[in-house]
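Asks: Contents of final-v6.cif (mmCIF, C-alpha atoms):
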```cif
data_final
#
loop_
_atom_site.label_atom_id
_atom_site.label_comp_id
_atom_site.auth_asym_id
_atom_site.auth_seq_id
_atom_site.Cartn_x
_atom_site.Cartn_y
_atom_site.Cartn_z
CA MET A 1 93.45 142.88 88.46
CA PHE A 2 91.40 139.71 88.59
CA GLN A 3 92.16 136.07 88.40
CA LYS A 4 89.35 134.24 86.68
CA LYS A 5 88.92 130.54 87.03
CA PHE A 6 86.12 129.25 84.86
CA LEU A 7 84.08 127.02 87.13
CA MET A 8 80.36 126.28 86.94
CA LEU A 9 78.51 127.86 89.84
CA PRO A 10 75.10 126.82 91.21
CA ALA A 11 72.43 128.41 89.03
CA ALA A 12 70.80 130.27 91.91
CA ALA A 13 74.08 131.94 92.86
CA ALA A 14 75.01 132.71 89.27
CA ILE A 15 71.74 134.44 88.54
CA ALA A 16 72.16 136.77 91.53
CA ALA A 17 73.34 139.66 89.34
CA VAL A 18 75.62 142.47 90.47
CA ILE A 19 73.40 144.80 88.47
CA ALA A 20 69.71 143.98 88.80
CA VAL A 21 67.72 144.66 85.63
CA SER A 22 64.09 145.58 85.37
CA PHE A 23 63.71 145.18 81.62
CA LEU A 24 60.38 146.34 80.17
CA LEU A 25 60.38 143.93 77.24
CA SER A 26 57.25 144.45 75.16
CA GLU A 27 53.54 144.19 75.56
CA ASN A 28 53.79 140.67 74.15
CA LYS A 29 56.56 138.77 75.94
CA ALA A 30 56.25 136.01 73.36
CA ASP A 31 58.18 138.32 71.05
CA ILE A 32 61.26 138.10 73.29
CA SER A 33 63.84 135.35 72.86
CA GLU A 34 65.89 134.50 75.95
CA LYS A 35 68.94 132.32 76.50
CA GLY A 36 71.23 131.77 79.48
CA ILE A 37 74.81 130.51 79.32
CA PHE A 38 77.77 130.28 81.70
CA VAL A 39 80.72 132.03 80.11
CA MET A 40 83.75 134.08 81.22
CA ASP A 41 83.25 132.92 84.79
CA THR A 42 79.73 134.28 85.08
CA TYR A 43 76.12 133.55 84.21
CA CYS A 44 75.11 135.48 81.11
CA THR A 45 71.51 136.19 80.08
CA ILE A 46 70.66 137.18 76.51
CA SER A 47 67.20 138.75 75.96
CA LEU A 48 66.41 140.02 72.45
CA ASP A 49 63.36 140.96 70.41
CA SER A 50 64.65 138.65 67.67
CA HIS A 51 65.79 135.07 67.32
CA ASN A 52 69.52 135.83 67.39
CA THR A 53 70.25 134.63 70.91
CA GLU A 54 72.01 131.47 69.69
CA SER A 55 74.43 133.38 67.46
CA ILE A 56 75.27 135.73 70.35
CA ALA A 57 75.89 132.75 72.62
CA GLU A 58 78.22 131.27 70.00
CA LEU A 59 80.13 134.56 69.83
CA PHE A 60 80.60 134.54 73.60
CA GLN A 61 81.95 130.99 73.46
CA GLU A 62 84.41 131.92 70.72
CA LEU A 63 85.71 134.89 72.69
CA ASN A 64 85.88 132.82 75.86
CA SER A 65 88.07 130.23 74.16
CA SER A 66 90.55 132.99 73.26
CA PHE A 67 90.55 134.92 76.55
CA ASP A 68 90.48 132.10 79.12
CA SER A 69 93.94 131.75 80.67
CA PHE A 70 92.94 128.37 82.12
CA GLN A 71 92.47 126.85 78.66
CA GLU A 72 95.86 125.55 77.56
CA LYS A 73 95.52 126.48 73.90
CA SER A 74 93.83 129.87 74.34
CA ASP A 75 95.48 133.00 72.99
CA ILE A 76 96.14 134.29 76.51
CA SER A 77 97.66 131.01 77.73
CA ARG A 78 100.01 130.85 74.76
CA LEU A 79 101.01 134.49 75.22
CA ASN A 80 101.56 134.00 78.96
CA ASN A 81 103.73 130.96 78.18
CA GLY A 82 106.16 132.86 75.99
CA GLU A 83 104.59 132.78 72.52
CA SER A 84 103.75 135.88 70.51
CA LEU A 85 100.31 136.88 69.26
CA ASP A 86 99.00 138.64 66.16
CA THR A 87 97.67 142.12 66.95
CA TYR A 88 94.76 141.58 64.55
CA THR A 89 93.21 138.76 66.57
CA GLU A 90 90.34 139.52 68.96
CA THR A 91 92.73 138.97 71.87
CA GLY A 92 95.30 141.26 70.29
CA ARG A 93 92.70 143.99 69.83
CA LEU A 94 91.55 143.55 73.44
CA ILE A 95 95.13 143.91 74.71
CA LEU A 96 95.80 147.04 72.63
CA GLU A 97 92.52 148.65 73.69
CA SER A 98 93.32 147.85 77.33
CA ILE A 99 96.76 149.45 77.01
CA SER A 100 95.14 152.53 75.53
CA LEU A 101 92.79 152.79 78.53
CA GLN A 102 95.69 152.38 80.96
CA GLU A 103 97.56 155.19 79.25
CA LYS A 104 94.48 157.44 79.10
CA PHE A 105 93.24 157.06 82.65
CA SER A 106 95.70 155.49 85.08
CA GLY A 107 97.85 152.45 85.66
CA LYS A 108 95.83 151.32 88.69
CA VAL A 109 94.03 148.71 86.59
CA ASP A 110 96.92 146.87 84.96
CA ILE A 111 96.39 143.85 82.71
CA THR A 112 99.95 142.63 83.42
CA ALA A 113 98.97 141.70 87.01
CA GLY A 114 98.48 138.02 86.20
CA SER A 115 101.46 136.79 88.25
CA LEU A 116 100.14 138.63 91.31
CA THR A 117 96.54 137.45 91.00
CA ARG A 118 97.68 133.86 90.50
CA LEU A 119 99.89 134.16 93.56
CA TRP A 120 96.98 135.18 95.81
CA ASP A 121 94.57 132.80 93.99
CA ILE A 122 91.63 134.55 95.66
CA THR A 123 89.09 133.32 93.11
CA GLY A 124 90.78 129.93 92.71
CA ASP A 125 91.05 126.70 94.67
CA ASN A 126 93.82 127.80 97.07
CA PRO A 127 93.34 131.40 98.23
CA HIS A 128 96.03 132.45 100.68
CA VAL A 129 98.24 135.33 101.80
CA PRO A 130 101.58 134.98 99.97
CA GLU A 131 104.97 135.53 101.51
CA GLU A 132 106.41 139.03 101.10
CA ARG A 133 109.28 137.82 98.91
CA GLU A 134 106.77 136.19 96.54
CA ILE A 135 104.78 139.41 96.32
CA GLN A 136 107.85 141.50 95.56
CA LYS A 137 108.91 139.09 92.83
CA ALA A 138 105.45 139.28 91.22
CA LEU A 139 105.45 143.09 91.39
CA GLY A 140 108.63 143.09 89.29
CA THR A 141 106.69 141.57 86.38
CA ILE A 142 103.90 144.17 86.36
CA GLY A 143 103.78 147.27 84.17
CA ARG A 144 103.05 148.49 80.65
CA GLU A 145 106.77 148.27 79.83
CA HIS A 146 106.55 144.45 79.97
CA ILE A 147 104.23 144.31 76.90
CA HIS A 148 105.94 144.70 73.52
CA THR A 149 104.57 145.06 69.99
CA GLU A 150 106.76 144.52 66.95
CA ASN A 151 105.86 143.71 63.33
CA ASP A 152 102.17 143.38 64.25
CA ARG A 153 103.00 140.86 66.99
CA ILE A 154 102.55 141.11 70.75
CA TYR A 155 104.90 139.44 73.23
CA LEU A 156 105.63 139.67 76.95
CA ASP A 157 108.77 139.85 79.03
CA GLU A 158 109.66 136.61 80.76
CA GLY A 159 107.60 136.12 83.93
CA THR A 160 104.89 138.61 82.96
CA LYS A 161 101.37 137.19 82.83
CA LEU A 162 98.24 138.91 81.57
CA ASP A 163 94.97 138.96 83.50
CA LEU A 164 92.09 140.37 81.43
CA GLY A 165 89.41 140.03 84.11
CA ALA A 166 88.87 143.80 84.42
CA VAL A 167 88.19 144.31 80.70
CA ALA A 168 87.19 141.05 78.98
CA LYS A 169 83.45 141.20 79.68
CA GLY A 170 83.16 144.79 78.51
CA TYR A 171 85.13 144.05 75.36
CA ALA A 172 82.95 141.01 74.66
CA LEU A 173 79.83 143.17 74.97
CA ASP A 174 81.34 145.64 72.47
CA ARG A 175 81.65 142.76 70.01
CA VAL A 176 78.08 141.66 70.79
CA LYS A 177 76.82 145.14 69.94
CA ASP A 178 78.72 145.05 66.64
CA LYS A 179 77.12 141.71 65.78
CA LEU A 180 73.61 142.81 66.75
CA ARG A 181 73.89 145.75 64.35
CA GLU A 182 74.15 143.19 61.53
CA THR A 183 70.90 141.48 62.54
CA ASP A 184 67.20 142.31 62.69
CA THR A 185 67.37 142.90 66.46
CA SER A 186 65.75 146.20 67.48
CA TYR A 187 66.47 146.09 71.18
CA GLY A 188 67.58 143.81 73.96
CA VAL A 189 69.57 143.32 77.15
CA VAL A 190 72.70 141.18 77.42
CA SER A 191 73.81 140.84 81.04
CA MET A 192 77.12 139.34 82.18
CA THR A 193 76.33 139.96 85.85
CA SER A 194 78.77 142.80 86.51
CA SER A 195 78.66 144.19 82.96
CA MET A 196 75.69 144.75 80.71
CA LEU A 197 74.68 145.93 77.24
CA LEU A 198 71.38 147.80 76.89
CA TYR A 199 70.91 147.62 73.13
CA GLY A 200 68.80 149.56 70.66
CA GLU A 201 65.51 151.36 71.19
CA LYS A 202 62.59 149.81 73.00
CA ASP A 203 58.95 149.87 72.00
CA LYS A 204 57.37 153.33 72.19
CA GLY A 205 60.78 154.85 72.94
CA GLU A 206 60.70 153.81 76.59
CA PRO A 207 64.01 154.04 78.47
CA PHE A 208 65.82 151.04 79.87
CA ARG A 209 65.37 150.82 83.62
CA ILE A 210 67.97 149.18 85.85
CA ALA A 211 68.29 148.75 89.59
CA VAL A 212 71.77 149.76 90.74
CA ARG A 213 73.15 147.53 93.45
CA GLY A 214 74.91 148.65 96.62
CA ALA A 215 77.46 146.75 98.67
CA GLY A 216 75.20 144.67 100.92
CA ASP A 217 73.34 141.50 100.04
CA ASN A 218 70.30 142.46 97.96
CA GLU A 219 70.99 146.15 98.65
CA ILE A 220 69.65 148.44 95.91
CA LEU A 221 70.90 152.04 95.83
CA GLY A 222 68.18 153.13 93.44
CA THR A 223 66.88 152.96 89.89
CA ALA A 224 68.41 154.52 86.78
CA GLU A 225 66.63 155.13 83.50
CA THR A 226 68.78 155.43 80.40
CA GLU A 227 68.96 155.10 76.65
CA SER A 228 71.04 152.32 75.09
CA CYS A 229 74.50 152.09 76.65
CA PHE A 230 76.90 149.82 78.52
CA VAL A 231 76.78 149.48 82.30
CA SER A 232 79.45 147.95 84.56
CA SER A 233 79.77 147.63 88.34
CA SER A 234 82.51 146.90 90.86
CA GLY A 235 82.34 146.71 94.63
CA SER A 236 83.29 145.19 97.92
CA TYR A 237 80.49 142.63 97.52
CA GLU A 238 82.47 140.85 94.82
CA ARG A 239 84.90 137.98 95.28
CA TYR A 240 87.01 137.67 98.39
CA PHE A 241 88.32 135.12 100.86
CA THR A 242 88.57 135.00 104.64
CA ASP A 243 91.66 133.50 106.29
CA GLU A 244 91.82 131.38 109.44
CA ASN A 245 92.17 134.53 111.57
CA GLY A 246 88.98 136.04 110.18
CA ASN A 247 90.71 138.59 107.95
CA THR A 248 88.89 139.28 104.68
CA TYR A 249 90.80 139.93 101.44
CA SER A 250 89.27 141.40 98.27
CA HIS A 251 90.12 139.95 94.85
CA ILE A 252 90.98 143.44 93.57
CA LEU A 253 94.72 143.84 94.11
CA ASP A 254 96.82 146.99 94.33
CA THR A 255 99.70 146.62 91.86
CA LYS A 256 101.77 149.15 93.82
CA THR A 257 101.70 147.29 97.15
CA GLY A 258 100.86 143.76 95.98
CA TYR A 259 98.03 143.49 98.52
CA PRO A 260 94.23 143.77 98.20
CA ILE A 261 93.13 147.33 97.53
CA GLU A 262 92.05 149.58 100.40
CA THR A 263 89.29 151.98 99.36
CA ASP A 264 86.54 154.00 101.02
CA LEU A 265 84.09 153.20 98.21
CA ALA A 266 81.72 150.26 98.58
CA ALA A 267 80.20 150.13 95.09
CA VAL A 268 80.58 151.85 91.71
CA THR A 269 78.41 151.64 88.58
CA VAL A 270 79.50 153.25 85.31
CA PHE A 271 77.30 154.13 82.30
CA CYS A 272 78.94 154.90 78.96
CA GLN A 273 78.99 154.13 75.23
CA SER A 274 81.95 151.72 75.36
CA GLY A 275 81.75 148.30 76.95
CA ILE A 276 85.45 147.93 77.65
CA MET A 277 85.64 151.46 79.06
CA SER A 278 82.70 150.91 81.41
CA ASP A 279 84.32 147.68 82.63
CA TYR A 280 87.74 149.29 83.12
CA LEU A 281 86.43 152.44 84.79
CA SER A 282 84.17 150.69 87.28
CA THR A 283 87.23 148.90 88.69
CA MET A 284 89.50 151.94 88.48
CA ILE A 285 87.07 154.31 90.21
CA PHE A 286 86.40 151.74 92.93
CA MET A 287 90.14 151.41 93.53
CA GLU A 288 90.68 155.17 93.65
CA GLY A 289 88.00 155.75 96.28
CA THR A 290 86.37 159.11 96.92
CA GLU A 291 89.61 161.07 96.45
CA ASN A 292 88.90 161.61 92.74
CA ILE A 293 85.15 161.14 92.78
CA GLU A 294 84.34 164.75 91.85
CA LYS A 295 86.41 164.44 88.66
CA HIS A 296 84.46 161.36 87.63
CA LEU A 297 81.12 162.98 88.45
CA ARG A 298 81.99 165.84 86.04
CA SER A 299 83.05 163.61 83.13
CA ASP A 300 81.46 164.14 79.72
CA GLU A 301 82.41 160.61 78.58
CA TYR A 302 80.58 158.60 81.22
CA LYS A 303 78.25 158.85 84.20
CA ILE A 304 78.44 157.08 87.53
CA VAL A 305 76.54 156.07 90.63
CA ALA A 306 78.80 155.29 93.60
CA ALA A 307 78.36 154.58 97.29
CA ASP A 308 80.98 154.97 99.99
CA ILE A 309 81.43 152.93 103.15
CA SER A 310 79.63 155.62 105.18
CA GLY A 311 76.47 155.28 103.12
CA ASN A 312 76.85 158.41 101.00
CA ILE A 313 75.68 158.09 97.37
CA TYR A 314 77.33 160.00 94.51
CA VAL A 315 75.41 160.53 91.25
CA SER A 316 76.58 162.22 88.05
CA PRO A 317 74.57 165.31 87.07
CA GLY A 318 72.19 164.52 84.23
CA LEU A 319 71.79 160.84 85.09
CA ASP A 320 68.12 159.95 85.63
CA PHE A 321 68.54 158.23 88.98
CA THR A 322 65.93 157.71 91.69
CA GLU A 323 67.34 156.77 95.06
CA SER A 324 65.84 153.81 96.89
CA LYS A 325 63.82 154.67 99.99
CA THR A 326 66.27 152.56 101.96
CA GLY A 327 69.32 154.03 100.20
CA GLY A 328 72.01 156.27 101.61
CA LYS A 329 72.55 160.02 101.55
CA GLU A 330 72.90 161.41 98.02
CA LYS A 331 75.79 163.79 97.44
#
```
Could the structure of this file be written out as structure tokens, please?

Replies:
Amino acid sequence: MFQKKFLMLPAAAAIAAVIAVSFLLSENKADISEKGIFVMDTYCTISLDSHNTESIAELFQELNSSFDSFQEKSDISRLNNGESLDTYTETGRLILESISLQEKFSGKVDITAGSLTRLWDITGDNPHVPEEREIQKALGTIGREHIHTENDRIYLDEGTKLDLGAVAKGYALDRVKDKLRETDTSYGVVSMTSSMLLYGEKDKGEPFRIAVRGAGDNEILGTAETESCFVSSSGSYERYFTDENGNTYSHILDTKTGYPIETDLAAVTVFCQSGIMSDYLSTMIFMEGTENIEKHLRSDEYKIVAADISGNIYVSPGLDFTESKTGGKEK
């Protein structure tokens, strides 16, 4: 549902994370290695109790070179331009896992929305409201039926473009976790702004503590304490553009109407044991609004914190969450 254009942002803006982390490192901070890189259209911070930050940064760069649709020779660019792709590549695995999530949960978050997101160009250089005929043409290229697999190859129908913005960060963090398991790293935090990996077990068994952001600038809904997991957020504070008439358009597009999504949720944060699932679900739940919120609160696979546009806060039972004194009304 996202168009990602990989541009360097000012450091101060990039570091303003969607999920704020209060990471209790260790009694001796000299034991923590830290590295920051700009990758997948966001500022990424890698904090580990080992010296493996460089290898993790290299992994991110490798994945970025495959997933970035604005790099001419990337896997996604070649696939979007009519070539086929091996299912055993990282990009192939990401696509198949994304399809599986679409089939399991809903088609609201659809990775075939690339033609639509490029048309609006909300996160690009020329954001604008397209003509209706252009929107209808783009909608005709969207849907699971436009992705085909045959003889371990993936290919797309003509005109269909993939946009992996709703899943790529989470998938990358899954691969980071796999790599960290092969190292001497005991614990750490890898934050990609809107998605995060809380890895391993901290000193003395302390939980990870994160501040969960609301919709407003610097608004914090509260603090969650958790064991190792993945955390992803989506909300109305993310990317958007305002036209000459003062109308504001979100970068999250509804693939049924072709226009920015209308939702009564302002922010959603998902905690679970899969990076790609946390990434996918944070966008999906945000798009759905409060209509299905009770179902998500009861899930055994993940936990959520969400806030609606009226200031109500929804928290999954069993999640160790402390509401901010300036937060909304917990449901």

Asks: For the point (97.4, 149.5, 75.6) in file coordinates, what residues are within 12 Å, counting all atoms listed in the file? Give the answer as a PDB file with C-alpha atoms, keeping the file's coordinate frame?

Replies:
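Dumped to point-v1.pdb:
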```pdb
ATOM      1  CA  THR A  87      97.670 142.120  66.950  1.00  0.00           C
ATOM      2  CA  GLY A  92      95.300 141.260  70.290  1.00  0.00           C
ATOM      3  CA  ARG A  93      92.700 143.990  69.830  1.00  0.00           C
ATOM      4  CA  LEU A  94      91.550 143.550  73.440  1.00  0.00           C
ATOM      5  CA  ILE A  95      95.130 143.910  74.710  1.00  0.00           C
ATOM      6  CA  LEU A  96      95.800 147.040  72.630  1.00  0.00           C
ATOM      7  CA  GLU A  97      92.520 148.650  73.690  1.00  0.00           C
ATOM      8  CA  SER A  98      93.320 147.850  77.330  1.00  0.00           C
ATOM      9  CA  ILE A  99      96.760 149.450  77.010  1.00  0.00           C
ATOM     10  CA  SER A 100      95.140 152.530  75.530  1.00  0.00           C
ATOM     11  CA  LEU A 101      92.790 152.790  78.530  1.00  0.00           C
ATOM     12  CA  GLN A 102      95.690 152.380  80.960  1.00  0.00           C
ATOM     13  CA  GLU A 103      97.560 155.190  79.250  1.00  0.00           C
ATOM     14  CA  LYS A 104      94.480 157.440  79.100  1.00  0.00           C
ATOM     15  CA  PHE A 105      93.240 157.060  82.650  1.00  0.00           C
ATOM     16  CA  SER A 106      95.700 155.490  85.080  1.00  0.00           C
ATOM     17  CA  GLY A 107      97.850 152.450  85.660  1.00  0.00           C
ATOM     18  CA  VAL A 109      94.030 148.710  86.590  1.00  0.00           C
ATOM     19  CA  ASP A 110      96.920 146.870  84.960  1.00  0.00           C
ATOM     20  CA  ILE A 111      96.390 143.850  82.710  1.00  0.00           C
ATOM     21  CA  THR A 112      99.950 142.630  83.420  1.00  0.00           C
ATOM     22  CA  GLY A 143     103.780 147.270  84.170  1.00  0.00           C
ATOM     23  CA  ARG A 144     103.050 148.490  80.650  1.00  0.00           C
ATOM     24  CA  GLU A 145     106.770 148.270  79.830  1.00  0.00           C
ATOM     25  CA  HIS A 146     106.550 144.450  79.970  1.00  0.00           C
ATOM     26  CA  ILE A 147     104.230 144.310  76.900  1.00  0.00           C
ATOM     27  CA  HIS A 148     105.940 144.700  73.520  1.00  0.00           C
ATOM     28  CA  THR A 149     104.570 145.060  69.990  1.00  0.00           C
ATOM     29  CA  ILE A 154     102.550 141.110  70.750  1.00  0.00           C
ATOM     30  CA  VAL A 167      88.190 144.310  80.700  1.00  0.00           C
TER      31      VAL A 167
END
```

Asks: Tell me, as a list of chain:residue names, which residues lie within 6 Å of segment 77-84 of chain A, counting all atoms listed in the file; anything in the same chain fewer than 4 positions away does not count.

Replies: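 Returned residues: A:Ser69, A:Glu72, A:Ile154, A:Tyr155, A:Lys161.
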
Asks: How would you write, as an MDAnalysis selection string, the residues chosen by the PyMOL selection byres ((chain A and resi 320) around 8) on this structure?

Replies: chainID A and resid 224:226 318:319 321:322

Asks: Need the shell around segment 295-308 of chain A: protein/DNA/RNA residues with any atom at most 7 Å away, counting only C-alpha atoms. Skip same-chain ones fewer than 4 positions apart. Format as a PyMOL selection string?

Replies: chain A and resi 214+264-272+312-316+319

Asks: What gap, in Å, lies between atom CA of Ser233 of chain A and atom CA of Thr183 of chain A?

Replies: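 Separating atom CA of Ser233 of chain A from atom CA of Thr183 of chain A is a distance of 28.0 Å.
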
Asks: For this structure, which residues satisfy the selection - the PyMOL selection byres ((chain A and resi 166) around 8) - when it is evaluated on the file as given? I want them as a ChimeraX atom specification.

Replies: /A:1-2,109,111,163-165,167-169,279-280,283

Asks: I'd like to know which of A:Ser250, A:Ser191, A:Ser115, A:Ser66 is closest to Glu34 of chain A, using only C-alpha atoms.

Replies: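 Residue with the minimum atom-to-atom distance to Glu34 of chain A: A:Ser191.
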
Asks: Which residues, written as a PyMOL selection string, have at least one atom at most 10 Å from segment 56-65 of chain A, with all atoms listed in the file counted and residues fewer than 6 positions away on the same chain left out?

Replies: chain A and resi 6+35-41+44-46+71-76+90-91+168-169+171-173+175-177+179-180+190

Asks: Between atom CA of Leu139 of chain A and atom CA of Ala113 of chain A, measure the distance and give it in Å to one decimal.

Replies: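 Straight-line distance from atom CA of Leu139 of chain A to atom CA of Ala113 of chain A works out to 7.9 Å.
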
Asks: Using all atoms listed in the file, find the one residue out of A:Thr123, A:Ser228, A:Thr117, A:Ser194 that sits nearest to Ile135 of chain A.

Replies: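 For Ile135 of chain A, the nearest of the candidates is A:Thr117.
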
Asks: The PyMOL selection byres ((chain A and resi 51) around 12) - which residues does that actually catch in the file I just gave you? List them as a VMD selection string.

Replies: chain A and resid 30 to 35 46 to 50 52 to 57 180 183 to 188

Asks: Quick one, how far is atom CA of Gly140 of chain A from atom CA of Arg153 of chain A?

Replies: 23.1 Å

Asks: For each of A:Gly124, A:Gly222, A:Gly170, A:Gly200, take the minimum atom-to-atom distance to Ser324 of chain A, counting all atoms listed in the file, then give the residue where this is smallest.

Replies: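 Checking each of A:Gly124, A:Gly222, A:Gly170, A:Gly200 against Ser324 of chain A, counting all atoms listed in the file, the winner is A:Gly222.
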
Asks: Would you please work out which residue, of A:Met284, A:Val129, A:Leu85, A:Cys229, is nearest to Phe241 of chain A when using only C-alpha atoms?

Replies: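 Looking at the shortest contact to Phe241 of chain A, the residue is A:Val129.
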
Asks: Taking the partial coordinates given, rebuild segment 79-96 of chain A to contain N, CA, C and O atoms; return it as an mmCIF file, in the frame of the given file.

Replies:
```cif
data_model
loop_
_atom_site.group_PDB
_atom_site.id
_atom_site.type_symbol
_atom_site.label_atom_id
_atom_site.label_comp_id
_atom_site.auth_asym_id
_atom_site.auth_seq_id
_atom_site.Cartn_x
_atom_site.Cartn_y
_atom_site.Cartn_z
ATOM 1 N N LEU A 79 100.258 133.252 75.021
ATOM 2 C CA LEU A 79 101.010 134.490 75.220
ATOM 3 C C LEU A 79 101.706 134.471 76.587
ATOM 4 O O LEU A 79 102.888 134.828 76.715
ATOM 5 N N ASN A 80 100.985 134.052 77.617
ATOM 6 C CA ASN A 80 101.560 134.000 78.960
ATOM 7 C C ASN A 80 102.687 132.962 79.077
ATOM 8 O O ASN A 80 103.521 133.046 79.982
ATOM 9 N N ASN A 81 102.701 132.004 78.155
ATOM 10 C CA ASN A 81 103.730 130.960 78.180
ATOM 11 C C ASN A 81 104.881 131.227 77.204
ATOM 12 O O ASN A 81 105.639 130.324 76.863
ATOM 13 N N GLY A 82 104.983 132.476 76.750
ATOM 14 C CA GLY A 82 106.160 132.860 75.990
ATOM 15 C C GLY A 82 105.990 132.964 74.490
ATOM 16 O O GLY A 82 106.936 133.364 73.795
ATOM 17 N N GLU A 83 104.812 132.637 73.956
ATOM 18 C CA GLU A 83 104.590 132.780 72.520
ATOM 19 C C GLU A 83 104.188 134.214 72.193
ATOM 20 O O GLU A 83 103.834 134.999 73.086
ATOM 21 N N SER A 84 104.219 134.565 70.931
ATOM 22 C CA SER A 84 103.750 135.880 70.510
ATOM 23 C C SER A 84 102.355 135.749 69.904
ATOM 24 O O SER A 84 101.898 134.646 69.611
ATOM 25 N N LEU A 85 101.701 136.882 69.714
ATOM 26 C CA LEU A 85 100.310 136.880 69.260
ATOM 27 C C LEU A 85 100.101 137.976 68.228
ATOM 28 O O LEU A 85 100.617 139.087 68.362
ATOM 29 N N ASP A 86 99.326 137.671 67.202
ATOM 30 C CA ASP A 86 99.000 138.640 66.160
ATOM 31 C C ASP A 86 98.125 139.746 66.729
ATOM 32 O O ASP A 86 97.139 139.489 67.423
ATOM 33 N N THR A 87 98.453 140.991 66.448
ATOM 34 C CA THR A 87 97.670 142.120 66.950
ATOM 35 C C THR A 87 96.281 142.186 66.344
ATOM 36 O O THR A 87 95.396 142.861 66.875
ATOM 37 N N TYR A 88 96.050 141.493 65.231
ATOM 38 C CA TYR A 88 94.760 141.580 64.550
ATOM 39 C C TYR A 88 93.756 140.547 65.056
ATOM 40 O O TYR A 88 92.605 140.536 64.608
ATOM 41 N N THR A 89 94.158 139.696 65.963
ATOM 42 C CA THR A 89 93.210 138.760 66.570
ATOM 43 C C THR A 89 92.318 139.515 67.551
ATOM 44 O O THR A 89 92.621 140.649 67.958
ATOM 45 N N GLU A 90 91.208 138.893 67.963
ATOM 46 C CA GLU A 90 90.340 139.520 68.960
ATOM 47 C C GLU A 90 91.127 139.771 70.247
ATOM 48 O O GLU A 90 91.003 140.830 70.875
ATOM 49 N N THR A 91 91.950 138.803 70.650
ATOM 50 C CA THR A 91 92.730 138.970 71.870
ATOM 51 C C THR A 91 93.747 140.089 71.716
ATOM 52 O O THR A 91 93.954 140.880 72.646
ATOM 53 N N GLY A 92 94.358 140.183 70.548
ATOM 54 C CA GLY A 92 95.300 141.260 70.290
ATOM 55 C C GLY A 92 94.628 142.620 70.374
ATOM 56 O O GLY A 92 95.163 143.562 70.973
ATOM 57 N N ARG A 93 93.443 142.723 69.788
ATOM 58 C CA ARG A 93 92.700 143.990 69.830
ATOM 59 C C ARG A 93 92.327 144.341 71.269
ATOM 60 O O ARG A 93 92.415 145.504 71.680
ATOM 61 N N LEU A 94 91.900 143.325 72.039
ATOM 62 C CA LEU A 94 91.550 143.550 73.440
ATOM 63 C C LEU A 94 92.757 144.073 74.223
ATOM 64 O O LEU A 94 92.639 145.024 75.009
ATOM 65 N N ILE A 95 93.918 143.480 74.006
ATOM 66 C CA ILE A 95 95.130 143.910 74.710
ATOM 67 C C ILE A 95 95.482 145.352 74.350
ATOM 68 O O ILE A 95 95.776 146.180 75.220
ATOM 69 N N LEU A 96 95.439 145.686 73.062
ATOM 70 C CA LEU A 96 95.800 147.040 72.630
ATOM 71 C C LEU A 96 94.806 148.072 73.153
ATOM 72 O O LEU A 96 95.200 149.177 73.553
#
```
